[in-house]
Structure formats: C-alpha cells, structure tokens
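S.K.: Hey, dropping protein17.pdb in here, PDB, C-alpha atoms:
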ATOM      1  CA  MET Q   1      46.585   6.947 125.988
ATOM      2  CA  ALA Q   2      44.039   9.495 124.778
ATOM      3  CA  GLU Q   3      45.846  12.105 126.807
ATOM      4  CA  ARG Q   4      49.126  11.152 125.237
ATOM      5  CA  GLU Q   5      47.622  11.480 121.776
ATOM      6  CA  GLN Q   6      46.256  14.859 122.706
ATOM      7  CA  ASN Q   7      49.673  15.974 123.894
ATOM      8  CA  GLY Q   8      51.140  14.730 120.622
ATOM      9  CA  ASP Q   9      48.541  16.769 118.712
ATOM     10  CA  LYS Q  10      49.397  19.827 120.762
ATOM     11  CA  ARG Q  11      53.092  19.367 120.059
ATOM     12  CA  ILE Q  12      52.492  19.031 116.314
ATOM     13  CA  ASN Q  13      50.144  22.026 116.300
ATOM     14  CA  GLY Q  14      52.681  24.061 118.235
ATOM     15  CA  ARG Q  15      55.315  23.236 115.647
ATOM     16  CA  ALA Q  16      52.918  24.022 112.786
ATOM     17  CA  TRP Q  17      52.285  27.478 114.252
ATOM     18  CA  ALA Q  18      55.995  28.052 114.741
ATOM     19  CA  LEU Q  19      56.534  27.173 111.070
ATOM     20  CA  VAL Q  20      53.821  29.622 109.959
ATOM     21  CA  ALA Q  21      55.385  32.335 112.132
ATOM     22  CA  LEU Q  22      58.813  31.451 110.720
ATOM     23  CA  HIS Q  23      57.563  31.939 107.159
ATOM     24  CA  ILE Q  24      55.966  35.301 107.968
ATOM     25  CA  LEU Q  25      59.315  36.313 109.474
ATOM     26  CA  LEU Q  26      61.249  35.073 106.437
ATOM     27  CA  PHE Q  27      58.887  37.062 104.192
ATOM     28  CA  VAL Q  28      59.833  40.246 106.074
ATOM     29  CA  TYR Q  29      63.495  39.194 106.069
ATOM     30  CA  SER Q  30      63.420  38.755 102.273
ATOM     31  CA  PHE Q  31      63.147  42.553 101.939
ATOM     32  CA  SER Q  32      66.674  42.881 103.315
ATOM     33  CA  GLY Q  33      67.823  41.982  99.790
ATOM     34  CA  PHE Q  34      66.007  45.068  98.480
ATOM     35  CA  PHE Q  35      67.993  47.287 100.836
ATOM     36  CA  SER Q  36      71.362  45.569 100.475
ATOM     37  CA  LYS Q  37      71.076  45.586  96.699
ATOM     38  CA  ASN Q  38      70.319  49.307  96.722
ATOM     39  CA  ALA Q  39      73.213  49.858  99.126
ATOM     40  CA  ALA Q  40      75.565  47.966  96.820
ATOM     41  CA  ARG Q  41      74.697  50.384  93.991
ATOM     42  CA  GLN Q  42      75.851  53.420  96.004
ATOM     43  CA  PRO Q  43      79.431  54.530  96.609
ATOM     44  CA  PHE Q  44      80.783  52.835  99.747
ATOM     45  CA  MET Q  45      80.055  54.905 102.892
ATOM     46  CA  SER Q  46      78.149  57.630 100.990
ATOM     47  CA  PHE Q  47      74.954  58.972 102.618
ATOM     48  CA  GLU Q  48      72.773  56.803 100.342
ATOM     49  CA  PHE Q  49      74.865  53.757 101.114
ATOM     50  CA  CYS Q  50      74.480  54.341 104.849
ATOM     51  CA  ALA Q  51      70.707  54.954 104.527
ATOM     52  CA  PHE Q  52      70.105  51.713 102.636
ATOM     53  CA  TYR Q  53      72.484  49.824 104.897
ATOM     54  CA  ALA Q  54      70.549  51.182 107.912
ATOM     55  CA  GLY Q  55      67.304  49.981 106.281
ATOM     56  CA  MET Q  56      68.814  46.546 105.896
ATOM     57  CA  LEU Q  57      69.993  46.554 109.507
ATOM     58  CA  ALA Q  58      66.480  47.581 110.673
ATOM     59  CA  ILE Q  59      65.015  44.527 108.953
ATOM     60  CA  MET Q  60      67.758  42.406 110.446
ATOM     61  CA  VAL Q  61      66.806  43.638 113.914
ATOM     62  CA  ILE Q  62      63.136  42.684 113.387
ATOM     63  CA  TYR Q  63      64.299  39.363 112.012
ATOM     64  CA  ALA Q  64      66.689  38.799 114.915
ATOM     65  CA  VAL Q  65      63.945  39.424 117.491
ATOM     66  CA  GLY Q  66      61.598  36.963 115.771
ATOM     67  CA  TRP Q  67      64.286  34.377 115.027
ATOM     68  CA  GLN Q  68      65.170  34.025 118.713
ATOM     69  CA  GLN Q  69      61.513  33.235 119.527
ATOM     70  CA  ILE Q  70      61.324  30.735 116.655
ATOM     71  CA  LEU Q  71      64.473  28.957 117.882
ATOM     72  CA  LYS Q  72      62.750  28.337 121.208
ATOM     73  CA  HIS Q  73      60.176  26.207 119.405
ATOM     74  CA  LEU Q  74      61.988  24.649 116.447
ATOM     75  CA  PRO Q  75      65.208  22.646 115.986
ATOM     76  CA  LEU Q  76      67.984  24.749 114.434
ATOM     77  CA  THR Q  77      68.297  22.435 111.404
ATOM     78  CA  LEU Q  78      64.562  22.720 110.580
ATOM     79  CA  ALA Q  79      64.366  26.481 111.081
ATOM     80  CA  PHE Q  80      67.573  27.111 109.135
ATOM     81  CA  ALA Q  81      66.608  24.860 106.191
ATOM     82  CA  ASN Q  82      63.418  26.900 105.761
ATOM     83  CA  LYS Q  83      65.524  30.032 105.266
ATOM     84  CA  ALA Q  84      66.091  28.776 101.714
ATOM     85  CA  VAL Q  85      62.587  30.015 100.831
ATOM     86  CA  THR Q  86      64.220  33.459 100.539
ATOM     87  CA  VAL Q  87      65.575  32.271  97.163
ATOM     88  CA  VAL Q  88      61.983  32.322  95.888
ATOM     89  CA  TRP Q  89      61.265  35.762  97.381
ATOM     90  CA  GLY Q  90      64.561  36.990  95.920
ATOM     91  CA  ILE Q  91      63.326  36.071  92.440
ATOM     92  CA  VAL Q  92      59.966  37.808  93.030
ATOM     93  CA  TRP Q  93      61.446  41.025  94.485
ATOM     94  CA  GLY Q  94      64.209  41.097  91.858
ATOM     95  CA  ALA Q  95      61.547  41.130  89.143
ATOM     96  CA  VAL Q  96      59.185  43.536  90.951
ATOM     97  CA  PHE Q  97      61.677  46.161  92.207
ATOM     98  CA  PHE Q  98      64.649  45.844  89.885
ATOM     99  CA  GLY Q  99      63.060  44.518  86.675
ATOM    100  CA  GLU Q 100      65.411  41.529  86.785
ATOM    101  CA  ALA Q 101      64.788  38.738  84.331
ATOM    102  CA  ILE Q 102      63.270  35.493  85.567
ATOM    103  CA  THR Q 103      64.968  32.644  83.743
ATOM    104  CA  TRP Q 104      64.123  28.947  83.503
ATOM    105  CA  PRO Q 105      67.117  27.802  85.590
ATOM    106  CA  MET Q 106      65.972  30.205  88.319
ATOM    107  CA  ILE Q 107      62.454  28.739  88.290
ATOM    108  CA  LEU Q 108      63.755  25.161  88.166
ATOM    109  CA  GLY Q 109      66.254  25.858  90.956
ATOM    110  CA  ALA Q 110      63.592  27.507  93.114
ATOM    111  CA  ALA Q 111      61.235  24.555  92.537
ATOM    112  CA  ILE Q 112      63.967  22.106  93.635
ATOM    113  CA  VAL Q 113      64.694  24.231  96.718
ATOM    114  CA  MET Q 114      60.978  24.186  97.599
ATOM    115  CA  ALA Q 115      60.861  20.409  97.081
ATOM    116  CA  GLY Q 116      63.786  20.141  99.516
ATOM    117  CA  LEU Q 117      61.990  22.296 102.098
ATOM    118  CA  VAL Q 118      58.788  20.270 101.839
ATOM    119  CA  LEU Q 119      60.722  17.001 102.087
ATOM    120  CA  PHE Q 120      62.575  18.290 105.172
ATOM    121  CA  GLY Q 121      59.252  19.216 106.785
ATOM    122  CA  ILE Q 122      57.661  15.857 105.964
ATOM    123  CA  ALA Q 123      60.698  13.947 107.269
ATOM    124  CA  ASP Q 124      60.589  15.998 110.470
ATOM    125  CA  ALA Q 125      56.874  15.311 110.988
ATOM    126  CA  GLN Q 126      57.447  11.590 110.375
ATOM    127  CA  GLU Q 127      60.302  11.444 112.875
ATOM    128  CA  ARG Q 128      58.108  13.094 115.480
ATOM    129  CA  ALA Q 129      55.162  10.806 114.741
ATOM    130  CA  ASP Q 130      57.540   7.861 115.240
ATOM    131  CA  GLY Q 131      58.121   9.026 118.783
ATOM    132  CA  GLY Q 132      61.407  10.826 118.415
ATOM    133  CA  GLY Q 133      61.548  14.534 118.703
ATOM    134  CA  ASP Q 134      63.888  17.315 119.389
ATOM    135  CA  GLU Q 135      63.588  20.951 120.134
TER     136      GLU Q 135
ATOM    137  CA  MET W   1      94.204  34.419  92.764
ATOM    138  CA  GLU W   2      92.397  37.588  93.855
ATOM    139  CA  MET W   3      89.091  35.782  93.287
ATOM    140  CA  LEU W   4      90.284  32.933  95.512
ATOM    141  CA  ILE W   5      91.192  35.277  98.367
ATOM    142  CA  TYR W   6      87.875  37.138  98.184
ATOM    143  CA  SER W   7      85.975  33.833  98.006
ATOM    144  CA  GLY W   8      87.896  32.778 101.090
ATOM    145  CA  VAL W   9      86.827  35.928 102.928
ATOM    146  CA  TYR W  10      83.202  35.290 101.927
ATOM    147  CA  LEU W  11      83.343  31.625 102.971
ATOM    148  CA  PHE W  12      84.935  32.528 106.291
ATOM    149  CA  GLY W  13      82.118  35.047 106.831
ATOM    150  CA  VAL W  14      79.536  32.328 106.139
ATOM    151  CA  PHE W  15      81.309  30.023 108.576
ATOM    152  CA  ILE W  16      81.375  32.506 111.439
ATOM    153  CA  SER W  17      77.747  33.438 110.810
ATOM    154  CA  SER W  18      76.910  29.712 111.142
ATOM    155  CA  ILE W  19      78.721  29.729 114.486
ATOM    156  CA  SER W  20      76.560  32.688 115.477
ATOM    157  CA  GLN W  21      73.485  30.529 114.763
ATOM    158  CA  VAL W  22      74.768  27.946 117.220
ATOM    159  CA  MET W  23      75.182  30.648 119.866
ATOM    160  CA  LEU W  24      71.626  31.896 119.238
ATOM    161  CA  LYS W  25      70.194  28.394 119.546
ATOM    162  CA  LYS W  26      72.195  27.814 122.742
ATOM    163  CA  SER W  27      70.745  31.003 124.155
ATOM    164  CA  SER W  28      67.195  30.042 123.144
ATOM    165  CA  GLN W  29      67.481  26.879 125.260
ATOM    166  CA  LYS W  30      68.187  28.821 128.421
ATOM    167  CA  ASN W  31      65.619  30.244 130.774
ATOM    168  CA  TYR W  32      65.971  33.956 131.288
ATOM    169  CA  GLY W  33      64.074  36.048 133.789
ATOM    170  CA  SER W  34      62.570  38.413 131.248
ATOM    171  CA  THR W  35      62.017  38.727 127.507
ATOM    172  CA  LEU W  36      64.600  41.515 127.391
ATOM    173  CA  ALA W  37      67.172  39.208 128.973
ATOM    174  CA  GLU W  38      66.524  36.709 126.170
ATOM    175  CA  TYR W  39      68.197  39.248 123.893
ATOM    176  CA  LEU W  40      70.538  41.228 126.101
ATOM    177  CA  ASN W  41      72.799  38.411 127.185
ATOM    178  CA  PRO W  42      76.428  37.654 126.296
ATOM    179  CA  LEU W  43      75.566  34.774 123.922
ATOM    180  CA  VAL W  44      73.106  36.738 121.776
ATOM    181  CA  ILE W  45      75.194  39.912 121.766
ATOM    182  CA  SER W  46      78.375  38.037 120.775
ATOM    183  CA  ALA W  47      76.419  36.106 118.146
ATOM    184  CA  TYR W  48      75.197  39.284 116.485
ATOM    185  CA  THR W  49      78.639  40.884 116.711
ATOM    186  CA  LEU W  50      79.958  37.900 114.748
ATOM    187  CA  PHE W  51      77.030  38.133 112.362
ATOM    188  CA  PHE W  52      77.646  41.845 111.779
ATOM    189  CA  ALA W  53      81.319  41.135 111.014
ATOM    190  CA  ALA W  54      80.157  38.467 108.556
ATOM    191  CA  THR W  55      77.881  40.930 106.682
ATOM    192  CA  LEU W  56      80.830  43.341 106.312
ATOM    193  CA  MET W  57      82.960  40.476 104.948
ATOM    194  CA  THR W  58      80.220  39.679 102.435
ATOM    195  CA  ILE W  59      79.963  43.267 101.209
ATOM    196  CA  TYR W  60      83.758  43.521 101.005
ATOM    197  CA  SER W  61      84.018  40.288  98.966
ATOM    198  CA  TYR W  62      81.375  41.448  96.492
ATOM    199  CA  LYS W  63      83.974  43.927  95.216
ATOM    200  CA  VAL W  64      85.439  41.003  93.304
ATOM    201  CA  ILE W  65      82.925  38.145  93.601
ATOM    202  CA  PRO W  66      80.088  38.193  91.048
ATOM    203  CA  ILE W  67      76.653  38.571  92.676
ATOM    204  CA  SER W  68      75.546  35.304  91.043
ATOM    205  CA  LEU W  69      78.207  33.381  92.966
ATOM    206  CA  GLY W  70      76.953  34.776  96.294
ATOM    207  CA  PRO W  71      74.090  32.335  96.899
ATOM    208  CA  ILE W  72      76.347  29.365  96.093
ATOM    209  CA  LEU W  73      79.015  30.452  98.594
ATOM    210  CA  GLU W  74      76.269  31.327 101.079
ATOM    211  CA  SER W  75      74.679  27.885 100.703
ATOM    212  CA  THR W  76      77.654  26.298 102.496
ATOM    213  CA  SER W  77      75.911  27.575 105.644
ATOM    214  CA  TYR W  78      73.340  24.759 105.268
ATOM    215  CA  LEU W  79      76.172  22.256 105.591
ATOM    216  CA  TYR W  80      77.729  23.934 108.633
ATOM    217  CA  VAL W  81      74.417  24.447 110.434
ATOM    218  CA  SER W  82      73.303  20.864 109.760
ATOM    219  CA  ILE W  83      76.594  19.497 111.090
ATOM    220  CA  PHE W  84      76.419  21.758 114.168
ATOM    221  CA  GLY W  85      72.742  20.842 114.714
ATOM    222  CA  VAL W  86      73.581  17.149 114.866
ATOM    223  CA  ALA W  87      76.919  17.424 116.693
ATOM    224  CA  ILE W  88      76.013  20.040 119.284
ATOM    225  CA  PHE W  89      72.238  19.883 119.730
ATOM    226  CA  LYS W  90      71.772  16.162 118.921
ATOM    227  CA  GLU W  91      69.094  17.041 116.384
ATOM    228  CA  LYS W  92      68.056  14.145 114.163
ATOM    229  CA  LEU W  93      69.188  14.121 110.572
ATOM    230  CA  GLY W  94      67.968  10.970 108.827
ATOM    231  CA  ALA W  95      68.409   9.994 105.172
ATOM    232  CA  LYS W  96      65.335  11.994 104.073
ATOM    233  CA  LYS W  97      66.559  15.191 105.716
ATOM    234  CA  ILE W  98      70.022  14.765 104.191
ATOM    235  CA  LEU W  99      68.352  14.303 100.791
ATOM    236  CA  ALA W 100      66.266  17.417 101.493
ATOM    237  CA  ILE W 101      69.402  19.494 102.214
ATOM    238  CA  ALA W 102      71.028  18.088  99.051
ATOM    239  CA  LEU W 103      67.945  19.223  97.070
ATOM    240  CA  ILE W 104      68.207  22.710  98.601
ATOM    241  CA  LEU W 105      71.910  22.924  97.650
ATOM    242  CA  VAL W 106      71.347  21.601  94.109
ATOM    243  CA  GLY W 107      68.407  23.989  93.700
ATOM    244  CA  ILE W 108      70.530  26.978  94.743
ATOM    245  CA  VAL W 109      73.325  26.022  92.307
ATOM    246  CA  ILE W 110      70.852  25.613  89.389
ATOM    247  CA  TYR W 111      69.169  28.884  90.370
ATOM    248  CA  SER W 112      72.514  30.700  90.363
ATOM    249  CA  PHE W 113      73.242  29.539  86.801
ATOM    250  CA  GLY W 114      70.074  31.322  85.723
ATOM    251  CA  VAL W 115      70.880  34.660  87.362
ATOM    252  CA  ARG W 116      71.920  37.223  84.772
ATOM    253  CA  THR W 117      74.155  39.978  86.002
TER     254      THR W 117
END
How does the structure come out when it is put into structure tokens?
M.R.:
Amino acid sequence: MAEREQNGDKRINGRAWALVALHILLFVYSFSGFFSKNAARQPFMSFEFCAFYAGMLAIMVIYAVGWQQILKHLPLTLAFANKAVTVVWGIVWGAVFFGEAITWPMILGAAIVMAGLVLFGIADAQERADGGGDE
Amino acid sequence: MEMLIYSGVYLFGVFISSISQVMLKKSSQKNYGSTLAEYLNPLVISAYTLFFAATLMTIYSYKVIPISLGPILESTSYLYVSIFGVAIFKEKLGAKKILAIALILVGIVIYSFGVRT
C-alpha cells in the first residue's frame, strides 16, 4: 500500500517535471513569433526574409527535439493544451520587440486562456488521483 | 470569396499540422534503439514534412488573411488534437477538460478582438 502510494507520488512528480520542462520549451518556442513576424515584413524570398525564416526554423528544430521528449511523458491533449500559453508570451514579446499595444481584450483573453490551462491541469491531476491515467 | 479560399488554405494547414501531432505522439510511444532513431524515423520525418507544408500554407494565406484572424483559425487545432487524442490514443477528456478547452478557445477569440493591426 505504502509502496503503491510512493509509486503514485513518483508518477505525479514525473508529470510535474515534464510540465515544467514543457513550459521552458514553450518559452523558447514563443520566440518563433519574433522571427516569423520579422520575416513577414520582408519581401517574399528576399535575403532578409530567408534569414528570419531560417531563424524561425532553427527555433522550430529546438522545439521539435524537446517536444518529442515531452510527448513520451505527457498525453497529447495535455501537452497540446499548454501550447496556448504562447498567447501570453506573444503579448509580452509584441510589446517588448515591436512596441505593439496591449489592450484590455488581449489581457482578458489571455487571463481566460490561462484559467483554461490551469483547469485542464487540475482536471488531469484529479483524474490521475482517482486511479485513471494515460500517457 | 478570396478571403474564404485563403481561410480554407489556412484551416487545411492547421488540420494537417494536427495530423502531424498524431504522428509525433505515435512515434513517441515506440521504443527505438537510440535517441537519434527517435527522430530519424519515417513517422517523425513525415510529420515534420507535413508540418513544414502547413507553415508555408500559413504564410501564403497571410497575404489576404488579417494577422488578427490567425490565432482564431489556428485555435481549431485544439479541437482536432483533442478529438484525435480521445479517438486514437484513448486519452481521457472529462467535462472539466472540455470546459478547459472551451475556455482556451473563448480566451483566444477575445484576445484576437483586442489585437490592433
């Protein structure tokens, strides 16, 4: 019984670490918007376009390598839902790098997205505590 | 009409990139001999070929589609991936998780209304 509890703890801890790693990865991934936005401002297939597009692809490669490791530890639905956090980073980087305005609907929308992410995480933890679980 | 066609291209891109996610997850469930083989296998390579095609479709559609509409069209991926997760990988999606995905979608739509272009 104690052993089973310990295994349960390990499983939950393992998932917690995978979620932390996922969010570090999504933080890096959020910079792809910086590159793609710069690429979009250049004439299609110009040198600048290709350079920014290459920058975006480089981030995608890092992201792809990490994502595959994350998928080994998390269900697809959980990992993919957390991708929505990039909306929040998009607002931050838009303001920092491109001087984009931050409006109330953006803040409200981002807050609702975050509420959804937290709810998804809580529901997942509850399902696992109830004995179910998927990888 | 033009807008509709370009939206269609974007949405199709989102759909095939969701399929690529399924292929990646399938691959992650297999045991490969080495870390390199976890990446250099037909599933992962095909998945990223699809994904690359999807990014080109996105860039092409942005010729006509306003940037602010992008996240809304993109958000359909949460629906596809959730459906695939349940149907193909038998992942659990209870009422709370469905509500959570609805919140994410509503949040993205509200956010998009606030984006000034």
S.K.: When you get a sec, could you note down which chain W residues fall within 7 Å of chain Q, using only C-alpha atoms, as a short mmCIF file (atom, residue, chain, number, x, y, z; two decimals) with C-alpha atoms, in the frame of the given file?
M.R.:
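As written to disk, iface10.cif reads:
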data_model
loop_
_atom_site.label_atom_id
_atom_site.label_comp_id
_atom_site.auth_asym_id
_atom_site.auth_seq_id
_atom_site.Cartn_x
_atom_site.Cartn_y
_atom_site.Cartn_z
CA LEU W 24 71.63 31.90 119.24
CA LYS W 25 70.19 28.39 119.55
CA SER W 28 67.19 30.04 123.14
CA GLN W 29 67.48 26.88 125.26
CA TYR W 78 73.34 24.76 105.27
CA VAL W 81 74.42 24.45 110.43
CA SER W 82 73.30 20.86 109.76
CA GLY W 85 72.74 20.84 114.71
CA GLU W 91 69.09 17.04 116.38
CA LYS W 96 65.33 11.99 104.07
CA LYS W 97 66.56 15.19 105.72
CA ALA W 100 66.27 17.42 101.49
CA ILE W 101 69.40 19.49 102.21
CA LEU W 103 67.94 19.22 97.07
CA ILE W 104 68.21 22.71 98.60
CA GLY W 107 68.41 23.99 93.70
CA ILE W 108 70.53 26.98 94.74
CA ILE W 110 70.85 25.61 89.39
CA TYR W 111 69.17 28.88 90.37
CA SER W 112 72.51 30.70 90.36
CA PHE W 113 73.24 29.54 86.80
CA GLY W 114 70.07 31.32 85.72
CA VAL W 115 70.88 34.66 87.36
#
S.K.: At a cut-off of 9 Å, using all atoms listed in the file, what residues contact W:Ala47? Leave out same-chain residues fewer than 6 positions from it and give the result as a list in words.
M.R.: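 The filter keeps Ser17, Ile19, Ser20, Gln21, Val22, Met23 and Leu24 of chain W.
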S.K.: For the atom pair atom CA of W:Pro66 and atom CA of Q:Leu26, what is the interatomic distance in Å to one decimal place?
M.R.: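 Taking atom CA of W:Pro66 and atom CA of Q:Leu26, their separation equals 24.5 Å.
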S.K.: May I ask which of the residues W:Val9, W:Val109, W:Val44, W:Ile98 is the closest one to W:Ser61, counting only C-alpha atoms?
M.R.: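 Among the listed residues, the smallest separation from W:Ser61 belongs to W:Val9.
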S.K.: Quick one: distance from atom CA of Q:Gly33 to atom CA of W:Tyr60 in Å, one decimal?
M.R.: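 So the two atoms, atom CA of Q:Gly33 and atom CA of W:Tyr60, lie 16.1 Å apart.
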S.K.: For atom CA of W:Arg116 and atom CA of W:Thr76, quote the distance in Å rounded to one decimal.
M.R.: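 Computing it gives 21.6 Å between the two atoms.
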S.K.: Compare Q:Val20, Q:Phe35, Q:Asn13, Q:Phe98 by their minimum atom-to-atom distance to Q:Arg128, counting all atoms listed in the file, and give me the closest one.
M.R.: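 When distances to Q:Arg128 are compared using all atoms listed in the file, the smallest one comes from Q:Asn13.
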S.K.: Determine the residue membership of the PyMOL selection byres ((chain W and resi 53-55) around 7) for the file above and supply it as a ChimeraX atom specification.
M.R.: /W:13-14,16-17,49-52,56-59
S.K.: For Q:Phe27, list every protein, DNA or RNA residue within 10 Å, evaluated using only C-alpha atoms, and leave out those in the same chain fewer than 5 positions away; present the list as a ChimeraX atom specification.
M.R.: /Q:21-22,32,63,83,85-86,89
S.K.: Can you put N, CA and C atoms back into stretch 71-88 of chain W and show it as a short mmCIF file (atom, residue, chain, number, x, y, z; two decimals), in the frame of the given file?
M.R.:
data_model
loop_
_atom_site.label_atom_id
_atom_site.label_comp_id
_atom_site.auth_asym_id
_atom_site.auth_seq_id
_atom_site.Cartn_x
_atom_site.Cartn_y
_atom_site.Cartn_z
N PRO W 71 74.95 33.36 96.30
CA PRO W 71 74.09 32.34 96.90
C PRO W 71 74.77 30.98 97.02
N ILE W 72 75.67 30.67 96.05
CA ILE W 72 76.35 29.36 96.09
C ILE W 72 77.30 29.32 97.29
N LEU W 73 78.09 30.40 97.45
CA LEU W 73 79.02 30.45 98.59
C LEU W 73 78.22 30.45 99.90
N GLU W 74 77.12 31.21 99.89
CA GLU W 74 76.27 31.33 101.08
C GLU W 74 75.66 29.98 101.47
N SER W 75 75.38 29.15 100.45
CA SER W 75 74.68 27.88 100.70
C SER W 75 75.52 26.92 101.55
N THR W 76 76.83 27.17 101.64
CA THR W 76 77.65 26.30 102.50
C THR W 76 77.17 26.36 103.95
N SER W 77 76.43 27.45 104.28
CA SER W 77 75.91 27.58 105.64
C SER W 77 74.97 26.42 105.99
N TYR W 78 74.25 25.88 104.99
CA TYR W 78 73.34 24.76 105.27
C TYR W 78 74.12 23.54 105.74
N LEU W 79 75.33 23.38 105.17
CA LEU W 79 76.17 22.26 105.59
C LEU W 79 76.65 22.47 107.03
N TYR W 80 77.21 23.66 107.28
CA TYR W 80 77.73 23.93 108.63
C TYR W 80 76.63 23.80 109.69
N VAL W 81 75.48 24.44 109.42
CA VAL W 81 74.42 24.45 110.43
C VAL W 81 73.88 23.04 110.67
N SER W 82 73.78 22.24 109.60
CA SER W 82 73.30 20.86 109.76
C SER W 82 74.28 20.06 110.61
N ILE W 83 75.57 20.23 110.32
CA ILE W 83 76.59 19.50 111.09
C ILE W 83 76.56 19.93 112.56
N PHE W 84 76.48 21.25 112.79
CA PHE W 84 76.42 21.76 114.17
C PHE W 84 75.15 21.28 114.87
N GLY W 85 74.03 21.27 114.14
CA GLY W 85 72.74 20.84 114.71
C GLY W 85 72.82 19.42 115.25
N VAL W 86 73.46 18.55 114.47
CA VAL W 86 73.58 17.15 114.87
C VAL W 86 74.63 17.00 115.98
N ALA W 87 75.80 17.62 115.77
CA ALA W 87 76.92 17.42 116.69
C ALA W 87 76.68 18.09 118.05
N ILE W 88 76.11 19.28 118.03
CA ILE W 88 76.01 20.04 119.28
C ILE W 88 74.64 19.89 119.94
#
